[in-house]
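Student: Handing you a structure now.
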Number of protein chains: 2
Amino acid sequence: MDIATLRETHPDHWQKATAIRVLTLDAVAEANSGHSGAPMGMADIATVLFGKHLKFDAANPGWPDRDRFILSNGHGSMLIYSLLYLLGDPQITLDQVKNFRQLGARTAGHPENFLVDAIETTTGPLGQGIANSVGFAIAEEIQRARFGKKIVDHHTYVFAGDGCLMEGVSQEAIALAGHLQLGKLVVLFDDNGITIDGRVDIADSTDQQARFKASGWHVQEIDGHDPEAIDAALTAAKADPRPSMIACRTHIALGSSAQDTSKGHGALTDPQLIADAREAYGWPHGPFDIPADIKGQWEEMGRRGGAKRSEWQDRFNGLSASRKGEFERMLAGEAPKKLAGTIRALKKQISESAPKLATRKSSEMVLEVVNPIMPETVGGSADLTGSNNTLTKDLGTFSAEDRKGRYIYYGIREHGMASAMNGMALHGGVRPYGGTFMCFADYARGAIRLSALSQVPAVYVLTHDSIGLGEDGPTHQPVEHLAMLRATPNLHVFRPADTVETAEAWEIALTSAKTPSALALSRQNLPTVRTEHKQKNLTAQGAYVLAEAEGKRQAIIIATGSEVSVALAARELLHELKIGTRVVSMPCQELFAEQDESYRRRILPPGPVRVAVEAASPFGWDRWLSGERGNAKKAGFVGMEGFGASAPAEELFEKFGITAEAVSAKVQSLL
Amino acid sequence: MDIATLRETHPDHWQKATAIRVLTLDAVAEANSGHSGAPMGMADIATVLFGKHLKFDAANPGWPDRDRFILSNGHGSMLIYSLLYLLGDPQITLDQVKNFRQLGARTAGHPENFLVDAIETTTGPLGQGIANSVGFAIAEEIQRARFGKKIVDHHTYVFAGDGCLMEGVSQEAIALAGHLQLGKLVVLFDDNGITIDGRVDIADSTDQQARFKASGWHVQEIDGHDPEAIDAALTAAKADPRPSMIACRTHIALGSSAQDTSKGHGALTDPQLIADAREAYGWPHGPFDIPADIKGQWEEMGRRGGAKRSEWQDRFNGLSASRKGEFERMLAGEAPKKLAGTIRALKKQISESAPKLATRKSSEMVLEVVNPIMPETVGGSADLTGSNNTLTKDLGTFSAEDRKGRYIYYGIREHGMASAMNGMALHGGVRPYGGTFMCFADYARGAIRLSALSQVPAVYVLTHDSIGLGEDGPTHQPVEHLAMLRATPNLHVFRPADTVETAEAWEIALTSAKTPSALALSRQNLPTVRTEHKQKNLTAQGAYVLAEAEGKRQAIIIATGSEVSVALAARELLHELKIGTRVVSMPCQELFAEQDESYRRRILPPGPVRVAVEAASPFGWDRWLSGERGNAKKAGFVGMEGFGASAPAEELFEKFGITAEAVSAKVQSLL
């Protein structure tokens, strides 16, 4: 539909959609930075979606039963800011729009969920939004199954561009959504045929509609500028039991001289271009000037959902106090009060029985006692359930047939799993954890970073955390992954030494509000090192003295995970030589770094030789060896220098010299 | 086709295929570890492919015009070892098979290209093999266009499982191969319906055939145990101009009691199961015992390509000396002799003119002089060509229509790009580089690790390397990525300060034989800091003294990339205060770590205060601050503590305190 027809046949719609377009042009020009084309191309779709379909209340962006809106092509952030300003969202004032992309503004270059309440998820890295949306839709299904349709009954709408669909993670998401038949998920594909490098056909010839159909989606194709077609397609999408994809043919940067070009993708700042576009739109108003009647119509749309919200509130108020309490507790992400006692009881039992277990098995033991008292947990694995030990007896399988199940077979889709976990957590009401081999955290890396950045307390269960996995060899043996994870801001990386530390790590992970956790767990059996029961969660301090030196303290061995028992054995060897040696277990470097100086000094005083042992890259360890009151001349590391190898685990520890004897020798060489 | 029919109708084939199956069972049992099911399921396909189609010569695995065989489902490694042993590959003896997965054996848990000449690529992380194969096929097309069909004319065959097809990277690969119409690529999909967690249908409902068709592939479906059907399908695949996918319905762990179960995926070691399978196969021979006639038939197959190889050799010998020389030079990955002089000339010109340039632009300047003299380079970008500055004037576009083009529009597919680069480099004859924003190295992380592990000298052009990219905000601003890359073994991470260092980094990257390189390049303009021309490549030493202290040396500032000019400005401030300050530029930590102790001591002597400045996470920096003869009390870091923000770049450097004033203040506070 061309502009002339659109203006003539749908004058009211046209005015409203144009408000988005000119705000975008004005804000990008003011910032001299940003992406004009996508908001200009998708304005009609957004106007119809927000005007006729999306269930929301601009004054209450946190209403739990709102529809979710996700801008997967996050570079089009001015679309979301224009919408929120027009609709009357109190956080997005005109001043915010004028300060697009400026320091301190909520209107950041890409939409950030931690800056604006109405922004459901941080997008920008392409493909993440559409992959998050699968998690949103799963969480909705689970909550609906639990609390009933009267309390939970909403859709997830996604805007996605060619970039999102080219990224591999989108395939994982599409396949998962189709398999799980997430019928309340609706993706609107901005099919504008343009990417940064030029026309899509220089890099892609995919029949996207056929591709979605191959995964069991309901697919439609429409003119993305025709309000009636958009409306009808959204109605049909909601009626179909399958997830829906609507391919919307649009013109990027509609109505400007950059329309349908890759130039239109970026920042359109040329004053003449902008003036010409205003002319083409028939928009005589000045920059940032939205006439009151148009703003009024948008604000009316912003209030549209108010009545529905209050009806919902009445229904919610009609629930029993315990149901309400449970709903609110889960939504707030608060762990049940019973959790602390449950963890303590397990710790006590383990300290007394001192089993020899792989920490992946320890993790399963924790989940076996935690999952029954935390119905909000939703577990899963990227096709390594039996190896990651992520499934417990009570969970049931979440599937197209059973929405009460709490375990998801994600398939061999680490990235899709991680991104779905982000979506679930951001939706609220569920607390996701998911497993894979630690080495394949690589595949999920894009989404793990976003867990950290967007402050999502997802839990990554990363088993097979070193050469200790043995024969599968270097492709499966993490070496640099602990460093990669620890270098990431706002991520807790736990490498527990035994079942007690594993229980403590889980307790921290499951009570975390804004920080994701990665649990590095062993494939191989490890002895219980915490044989004396402590009520206190020692892992929460990041590091602590596990075994004190006998006699004069000449050395401190710092170790994590499977190497803590190596350190204890080295201490025995050194004590035989009358070399007093303290062993510090350091299950979480980030939490130790947060402790106050006096605690850190107590654990790592200046003076003694320091040797760290970890079956991983030394990268990052100098902070605790020569740094932190240490001395480079008296500091050493026992671990990996390169990639691993394929052989039985015990032989690998010998080959790479990660043994009590090697640690003892290293200490002696530094005395 | 059931076993009885197969045995009856194709007795010779059956015996040969059974040899693979029993060797697999025996080796896995001996190792008590491994994956039996895939080799048992794909033995018929392998037997037909190697017996009738694959062009190879077992005695000469390096023959350049051989067909490439890639086992993307790399856990089925015993398939490849069985084949190589049976065919008479000199590296895979029976002893090697018996030592499957043992320390020092070539028969590692997953196929490693650096252990066995006939193994084209390291596989195991699922999806990588099929994504590599796109690069193999691209390299073949480019070489064929350059040297003609008589010298280069071979196919790339891939075995892939459900896991490969579920990984998102496979979608990127499939879409790219379809778009580029890589007609000599043939994928045999082991459609056995089983993954580790159970039946595929617990996690996936994708119509894989429709999915490949949506990307423009030729698709067939066959019984993967029927030799005639396999043969016919391969013939048809080769005849079709599109890339081909053959969905082969197979039975995992065929003929054992674990057939068609997820148990069959793993290690079948139960003696009774193995005995029963032998019985079902009608195989009366002992463990590892292959009757001479069957072994003889296989060895005959191994010699099948010998004649073709010698005909090829004759044709090759008929080329002119210069053509032969060029072919061999490119295949050996040797840079042309002119490279060194070209780089030196550029350096001299730059040192004299001292332009202010973004290093991404510097990189383009280097490529502009290098690409014309290195016809083996193949560039590309994941849809950020204009931002990554990866395209030079002479390259031309590689497309379905033009196979002589040397620039690839990869689309928004960082992972697929990186994996294709690995494939190209492993194929040989081309030297790939590819660009994306540094933050999106996350998406390619799985393939970058494999570049390093499998010793591939791919070059990653990672632009927009810090908060210096400005308004796009934290989703686009790398913070932990330098640490992630530096922690990876066998990867050179360069962060050049100006055009001279960028040229030096490229020279190292383009002459590297077995180490990939990552170039961290700025979006923003940087002054030339190397204003005095040196013939020598100073970047090759990893770090060097850029500016010496005036007067007594009280401080050393270590900096990289865009922060080198900040360090120089801080030095000026400190010199005004009579604080003698040396500036060390450290463009490559890994190369500095390789220098001998005396050089390192010369650059970083004990004594002075040390401050490092880098607009990134401090993670890993203590090695050069408190370590390496340093002193924790006199060491400091100026950089990022968390994620970035959206704002103009200069404001961000102020906000995060990465300024000359802050560096100067840090030095003073430590004196």
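Residue numbers start at 1 in each chain; chains themselves are named A, B, ... in the order of the structure tokens; ligands are numbered from 1 in the order shown.
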Going by DSSP on the backbone, which residues of segment 347-558 of chain A come out as alpha helix (DSSP H)? List them as a PyMOL selection string.
Tutor: chain A and resi 347-353+359-370+385-388+414-427+441-453+481-486+499-511
Student: Show me, as number ranges by chain, the residues that have an atom within 7 Å of segment 133-143 of chain B when counting only C-alpha atoms, minus same-chain residues fewer than 5 positions from it.
Tutor: B: 152, 156, 173, 177, 182, 184-185, 403-404, 420-424, 427, 430
Student: For the selection just defined, write its residues with all heavy atoms to a file, as a short mmCIF file (atom, residue, chain, number, x, y, z; two decimals), in the first residue's frame.
Tutor:
data_model
loop_
_atom_site.label_atom_id
_atom_site.label_comp_id
_atom_site.auth_asym_id
_atom_site.auth_seq_id
_atom_site.Cartn_x
_atom_site.Cartn_y
_atom_site.Cartn_z
N VAL B 152 41.53 -28.60 -10.11
CA VAL B 152 40.68 -28.56 -8.91
C VAL B 152 39.26 -28.94 -9.32
O VAL B 152 38.60 -28.22 -10.07
CB VAL B 152 40.68 -27.15 -8.28
CG1 VAL B 152 39.79 -27.15 -7.02
CG2 VAL B 152 42.09 -26.71 -7.94
N THR B 156 32.77 -32.17 -1.54
CA THR B 156 32.86 -32.22 -0.07
C THR B 156 31.66 -33.01 0.43
O THR B 156 30.51 -32.64 0.15
CB THR B 156 32.83 -30.79 0.51
OG1 THR B 156 33.93 -30.05 -0.03
CG2 THR B 156 32.93 -30.82 2.03
N ALA B 173 24.85 -22.18 8.13
CA ALA B 173 25.61 -22.89 7.10
C ALA B 173 24.72 -23.30 5.93
O ALA B 173 25.06 -23.13 4.76
CB ALA B 173 26.29 -24.12 7.71
N ALA B 177 25.11 -21.97 2.17
CA ALA B 177 25.41 -22.91 1.09
C ALA B 177 24.35 -22.87 0.01
O ALA B 177 24.65 -22.93 -1.19
CB ALA B 177 25.54 -24.33 1.65
N LEU B 182 26.37 -23.98 -3.61
CA LEU B 182 27.59 -24.79 -3.55
C LEU B 182 27.25 -26.22 -3.96
O LEU B 182 27.01 -27.10 -3.14
CB LEU B 182 28.20 -24.73 -2.15
CG LEU B 182 28.55 -23.30 -1.69
CD1 LEU B 182 28.96 -23.29 -0.22
CD2 LEU B 182 29.67 -22.72 -2.55
N LYS B 184 28.78 -28.69 -5.11
CA LYS B 184 29.65 -29.85 -4.88
C LYS B 184 29.69 -30.26 -3.42
O LYS B 184 30.55 -31.03 -2.99
CB LYS B 184 31.05 -29.56 -5.42
CG LYS B 184 30.96 -29.12 -6.90
CD LYS B 184 32.25 -29.15 -7.60
CE LYS B 184 32.55 -30.56 -8.07
NZ LYS B 184 33.64 -30.60 -9.04
N LEU B 185 28.72 -29.74 -2.69
CA LEU B 185 28.58 -30.10 -1.27
C LEU B 185 27.44 -31.11 -1.13
O LEU B 185 26.34 -30.87 -1.62
CB LEU B 185 28.28 -28.82 -0.48
CG LEU B 185 28.00 -28.95 1.02
CD1 LEU B 185 29.19 -29.57 1.75
CD2 LEU B 185 27.69 -27.57 1.60
N ARG B 403 32.67 -17.03 -9.25
CA ARG B 403 33.48 -17.83 -8.35
C ARG B 403 34.89 -17.27 -8.22
O ARG B 403 35.71 -17.84 -7.50
CB ARG B 403 33.57 -19.28 -8.86
CG ARG B 403 32.23 -19.98 -8.98
CD ARG B 403 31.39 -19.89 -7.72
NE ARG B 403 30.40 -20.97 -7.64
CZ ARG B 403 29.44 -21.04 -6.73
NH1 ARG B 403 29.30 -20.08 -5.83
NH2 ARG B 403 28.59 -22.05 -6.72
N LYS B 404 35.17 -16.21 -8.97
CA LYS B 404 36.49 -15.61 -8.84
C LYS B 404 36.51 -14.51 -7.79
O LYS B 404 37.56 -14.01 -7.40
CB LYS B 404 36.94 -15.05 -10.19
CG LYS B 404 37.28 -16.15 -11.18
CD LYS B 404 38.19 -15.66 -12.29
CE LYS B 404 38.79 -16.87 -13.03
NZ LYS B 404 39.43 -16.50 -14.28
N ALA B 420 32.93 -21.35 8.59
CA ALA B 420 33.29 -21.45 7.17
C ALA B 420 34.76 -21.05 6.97
O ALA B 420 35.48 -21.67 6.18
CB ALA B 420 32.38 -20.56 6.32
N MET B 421 35.22 -20.05 7.70
CA MET B 421 36.63 -19.67 7.60
C MET B 421 37.53 -20.84 8.01
O MET B 421 38.55 -21.10 7.37
CB MET B 421 36.93 -18.44 8.46
CG MET B 421 36.25 -17.17 7.94
SD MET B 421 37.14 -15.67 8.41
CE MET B 421 36.95 -15.67 10.16
N ASN B 422 37.14 -21.52 9.09
CA ASN B 422 37.93 -22.70 9.48
C ASN B 422 37.97 -23.71 8.34
O ASN B 422 39.03 -24.27 8.03
CB ASN B 422 37.32 -23.36 10.73
CG ASN B 422 37.58 -22.56 12.00
OD1 ASN B 422 38.48 -21.71 12.04
ND2 ASN B 422 36.81 -22.83 13.04
N GLY B 423 36.84 -23.93 7.72
CA GLY B 423 36.79 -24.89 6.63
C GLY B 423 37.65 -24.47 5.44
O GLY B 423 38.39 -25.28 4.87
N MET B 424 37.57 -23.19 5.10
CA MET B 424 38.39 -22.70 3.98
C MET B 424 39.87 -22.90 4.25
O MET B 424 40.62 -23.37 3.38
CB MET B 424 38.14 -21.20 3.80
CG MET B 424 36.98 -20.91 2.91
SD MET B 424 36.87 -19.12 2.61
CE MET B 424 35.56 -18.77 3.73
N HIS B 427 40.78 -26.54 4.11
CA HIS B 427 40.82 -27.01 2.72
C HIS B 427 42.17 -26.67 2.11
O HIS B 427 42.79 -27.48 1.41
CB HIS B 427 39.70 -26.35 1.91
CG HIS B 427 39.71 -26.74 0.47
ND1 HIS B 427 40.57 -26.16 -0.45
CD2 HIS B 427 38.99 -27.66 -0.21
CE1 HIS B 427 40.37 -26.71 -1.63
NE2 HIS B 427 39.41 -27.62 -1.52
N VAL B 430 43.49 -21.08 0.30
CA VAL B 430 42.96 -19.75 0.57
C VAL B 430 43.28 -19.38 2.02
O VAL B 430 43.51 -20.25 2.86
CB VAL B 430 41.43 -19.65 0.34
CG1 VAL B 430 41.07 -19.96 -1.10
CG2 VAL B 430 40.69 -20.56 1.29
#
Student: Select, as a compact mmCIF listing (two decimals) with C-alpha atoms, in the first residue's frame, those residues of chain A with any atom no more than 6 Å from chain B (distances computed using only C-alpha atoms).
Tutor:
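Below is the file selection-v4.txt, written as the result:
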# COMPACT_ATOMS: atom_id res chain seq x y z
CA ARG A 101 21.33 7.84 23.17
CA GLN A 102 22.70 10.43 25.61
CA LEU A 103 24.46 9.74 28.87
CA ALA A 108 19.58 4.08 25.34
CA GLY A 109 20.88 3.12 21.91
CA GLY A 163 19.11 -10.15 10.95
CA MET A 166 19.67 -15.13 9.81
CA GLU A 167 21.24 -15.68 13.23
CA GLY A 168 21.44 -19.37 14.04
CA VAL A 169 19.86 -18.88 17.45
CA GLN A 171 16.49 -21.52 14.20
CA GLU A 172 16.88 -23.06 17.64
CA HIS A 179 7.80 -28.36 18.72
CA ILE A 196 23.36 -3.13 6.42
CA ASP A 197 25.41 -4.53 3.55
CA ALA A 203 23.61 -12.85 1.40
CA ASP A 204 20.43 -14.83 1.67
CA SER A 205 17.91 -16.66 -0.47
CA THR A 206 15.99 -18.41 2.27
CA ASP A 207 12.26 -18.87 1.87
CA ALA A 210 8.74 -22.25 4.20
CA ARG A 211 11.34 -22.40 6.93
CA ALA A 214 8.97 -26.69 8.36
CA SER A 215 8.99 -26.14 12.11
CA ASP A 383 20.23 -33.05 25.30
CA TYR A 409 14.13 -31.17 26.72
CA TYR A 410 15.76 -28.33 24.84
CA GLY A 411 17.41 -30.50 22.24
CA ILE A 412 20.94 -29.82 21.07
CA ARG A 413 20.36 -26.09 21.32
CA ASP A 442 30.69 -21.33 24.14
CA TYR A 443 27.61 -21.89 22.04
CA ARG A 445 27.87 -17.30 25.18
CA GLY A 446 25.77 -14.62 23.44
CA GLU A 471 38.32 -39.56 26.86
CA ASP A 472 36.09 -37.13 24.95
CA GLY A 473 39.20 -35.05 24.50
CA GLU A 480 39.62 -21.13 29.20
CA MET A 484 35.66 -16.36 30.09
CA ALA A 487 35.66 -12.01 33.22
CA THR A 488 31.97 -11.35 32.57
CA PRO A 489 30.55 -8.63 34.85
CA PHE A 619 44.48 -16.57 33.07
CA GLY A 620 43.13 -14.32 35.81
CA ASP A 622 47.55 -13.60 39.29
CA ARG A 623 45.00 -11.39 40.99
CA SER A 626 50.88 -11.89 43.12
CA GLY A 627 47.99 -9.48 43.69
CA ALA A 632 55.23 -12.58 42.46
CA GLY A 642 47.12 -25.37 26.56
CA SER A 646 41.84 -37.62 24.92
CA ALA A 647 42.62 -40.24 27.58
Student: Tell me, which residues of segment 443-488 of chain B carry DSSP strand (DSSP E), written as a short mmCIF file (atom, residue, chain, number, x, y, z; two decimals) with N, CA and C atoms, in the first residue's frame?
Tutor:
data_model
loop_
_atom_site.label_atom_id
_atom_site.label_comp_id
_atom_site.auth_asym_id
_atom_site.auth_seq_id
_atom_site.Cartn_x
_atom_site.Cartn_y
_atom_site.Cartn_z
N VAL B 459 41.78 -15.21 10.40
CA VAL B 459 41.95 -13.89 10.99
C VAL B 459 40.58 -13.28 11.27
N TYR B 460 40.37 -12.94 12.53
CA TYR B 460 39.11 -12.32 12.94
C TYR B 460 39.32 -10.82 13.06
N VAL B 461 38.59 -10.08 12.27
CA VAL B 461 38.67 -8.62 12.27
C VAL B 461 37.55 -8.11 13.17
N LEU B 462 37.92 -7.74 14.40
CA LEU B 462 36.91 -7.41 15.41
C LEU B 462 36.94 -5.91 15.69
N THR B 463 36.07 -5.21 15.03
CA THR B 463 36.07 -3.75 15.17
C THR B 463 35.11 -3.31 16.28
#
Student: Would you compute the distance between atom CA of Lys634 of chain A and atom CA of Pro608 of chain A? Give it in Å to one decimal.
Tutor: 7.6 Å
Student: May I ask which of the residues B:Arg278, B:His533, B:Lys514, B:Arg146 is the closest one to Leu25 of chain B, counting only C-alpha atoms?
Tutor: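 Under the stated criterion, the closest residue is B:Arg278.
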Student: Which distance in Å separates atom CA of Thr250 of chain A and atom CA of Asp67 of chain A, to one decimal?
Tutor: 24.0 Å
Student: Which residue gives the smallest distance to Val638 of chain B among B:Leu469, B:Val158, B:Ala662, B:Leu357, with only C-alpha atoms counted?
Tutor: B:Ala662
Student: Quick one: pull the distance between atom CA of Ile151 of chain A and atom CA of Pro243 of chain A, Å, one decimal.
Tutor: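 Those two atoms sit 21.4 Å apart.
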Student: Find the spatial neighbours of segment 541-552 of chain A, counting only C-alpha atoms, within a cut-off of 7 Å - ignore same-chain residues fewer than 4 positions away - and output them as a PyMOL selection string.
Tutor: chain A and resi 580-592+595+603
Student: Please produce a file of the residues just selected, as a compact mmCIF listing (two decimals), in the first residue's frame, where the atoms kept are C-alpha atoms.
Tutor:
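Output (out31.txt):
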# COMPACT_ATOMS: atom_id res chain seq x y z
CA GLY A 580 52.87 -25.59 57.52
CA THR A 581 50.26 -25.21 54.78
CA ARG A 582 46.83 -23.65 54.74
CA VAL A 583 44.28 -24.70 52.15
CA VAL A 584 41.84 -22.08 50.97
CA SER A 585 38.81 -23.24 49.04
CA MET A 586 37.71 -20.53 46.63
CA PRO A 587 34.39 -21.60 45.10
CA CYS A 588 33.48 -18.11 43.86
CA GLN A 589 36.08 -15.45 43.05
CA GLU A 590 33.47 -12.75 42.48
CA LEU A 591 31.95 -13.15 45.94
CA PHE A 592 35.39 -13.20 47.55
CA GLN A 595 34.23 -9.20 50.88
CA ILE A 603 42.07 -15.56 54.29
Student: What lies within 10 Å of Leu6 of chain B using only C-alpha atoms, ignoring chain neighbours under 5 positions off, as a PDB file with N, CA and C atoms, in the first residue's frame?
Tutor:
ATOM      1  N   MET B   1      15.743 -51.409   5.027  1.00  0.00           N
ATOM      2  CA  MET B   1      16.199 -52.747   4.677  1.00  0.00           C
ATOM      3  C   MET B   1      16.687 -53.468   5.939  1.00  0.00           C
ATOM      4  N   PRO B  11      25.826 -59.461  -0.248  1.00  0.00           N
ATOM      5  CA  PRO B  11      26.729 -60.127   0.707  1.00  0.00           C
ATOM      6  C   PRO B  11      28.100 -59.473   0.805  1.00  0.00           C
ATOM      7  N   ASP B  12      28.672 -59.055  -0.292  1.00  0.00           N
ATOM      8  CA  ASP B  12      30.000 -58.425  -0.229  1.00  0.00           C
ATOM      9  C   ASP B  12      29.952 -57.107   0.519  1.00  0.00           C
ATOM     10  N   HIS B  13      28.977 -56.314   0.120  1.00  0.00           N
ATOM     11  CA  HIS B  13      28.786 -55.046   0.827  1.00  0.00           C
ATOM     12  C   HIS B  13      28.608 -55.300   2.322  1.00  0.00           C
ATOM     13  N   TRP B  14      27.785 -56.274   2.637  1.00  0.00           N
ATOM     14  CA  TRP B  14      27.476 -56.547   4.034  1.00  0.00           C
ATOM     15  C   TRP B  14      28.740 -56.854   4.832  1.00  0.00           C
ATOM     16  N   ASP B  44      26.793 -48.592   6.352  1.00  0.00           N
ATOM     17  CA  ASP B  44      26.421 -48.872   4.959  1.00  0.00           C
ATOM     18  C   ASP B  44      26.663 -47.658   4.071  1.00  0.00           C
ATOM     19  N   HIS B 225      20.329 -47.967   4.730  1.00  0.00           N
ATOM     20  CA  HIS B 225      21.002 -49.267   4.777  1.00  0.00           C
ATOM     21  C   HIS B 225      20.973 -49.968   3.417  1.00  0.00           C
ATOM     22  N   ASP B 226      20.351 -49.360   2.457  1.00  0.00           N
ATOM     23  CA  ASP B 226      20.191 -49.990   1.145  1.00  0.00           C
ATOM     24  C   ASP B 226      21.303 -49.490   0.215  1.00  0.00           C
ATOM     25  N   PRO B 227      22.262 -50.337  -0.082  1.00  0.00           N
ATOM     26  CA  PRO B 227      23.432 -49.877  -0.850  1.00  0.00           C
ATOM     27  C   PRO B 227      23.069 -49.294  -2.206  1.00  0.00           C
TER      28      PRO B 227
END
Student: Which residue gives the smallest distance to Phe316 of chain B among B:Ser353, B:Leu568, B:Gly148, B:Asp57, with only C-alpha atoms counted?
Tutor: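 Smallest separation from Phe316 of chain B among the options: B:Gly148.
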Student: Excluding Val566 of chain B and residues on its chain fewer than 6 positions from it, collect all residues at most 10 Å away from it, counting only C-alpha atoms, and give them as a VMD selection string.
Tutor: chain B and resid 526 557 559 to 560 572 613 to 614 658 to 664
Student: May I ask which of the residues A:Asp223, A:Asp190, A:Asp276, A:Asp65 is the closest one to Gly306 of chain A, counting only C-alpha atoms?
Tutor: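 That would be A:Asp65, the residue with the smallest distance to Gly306 of chain A.
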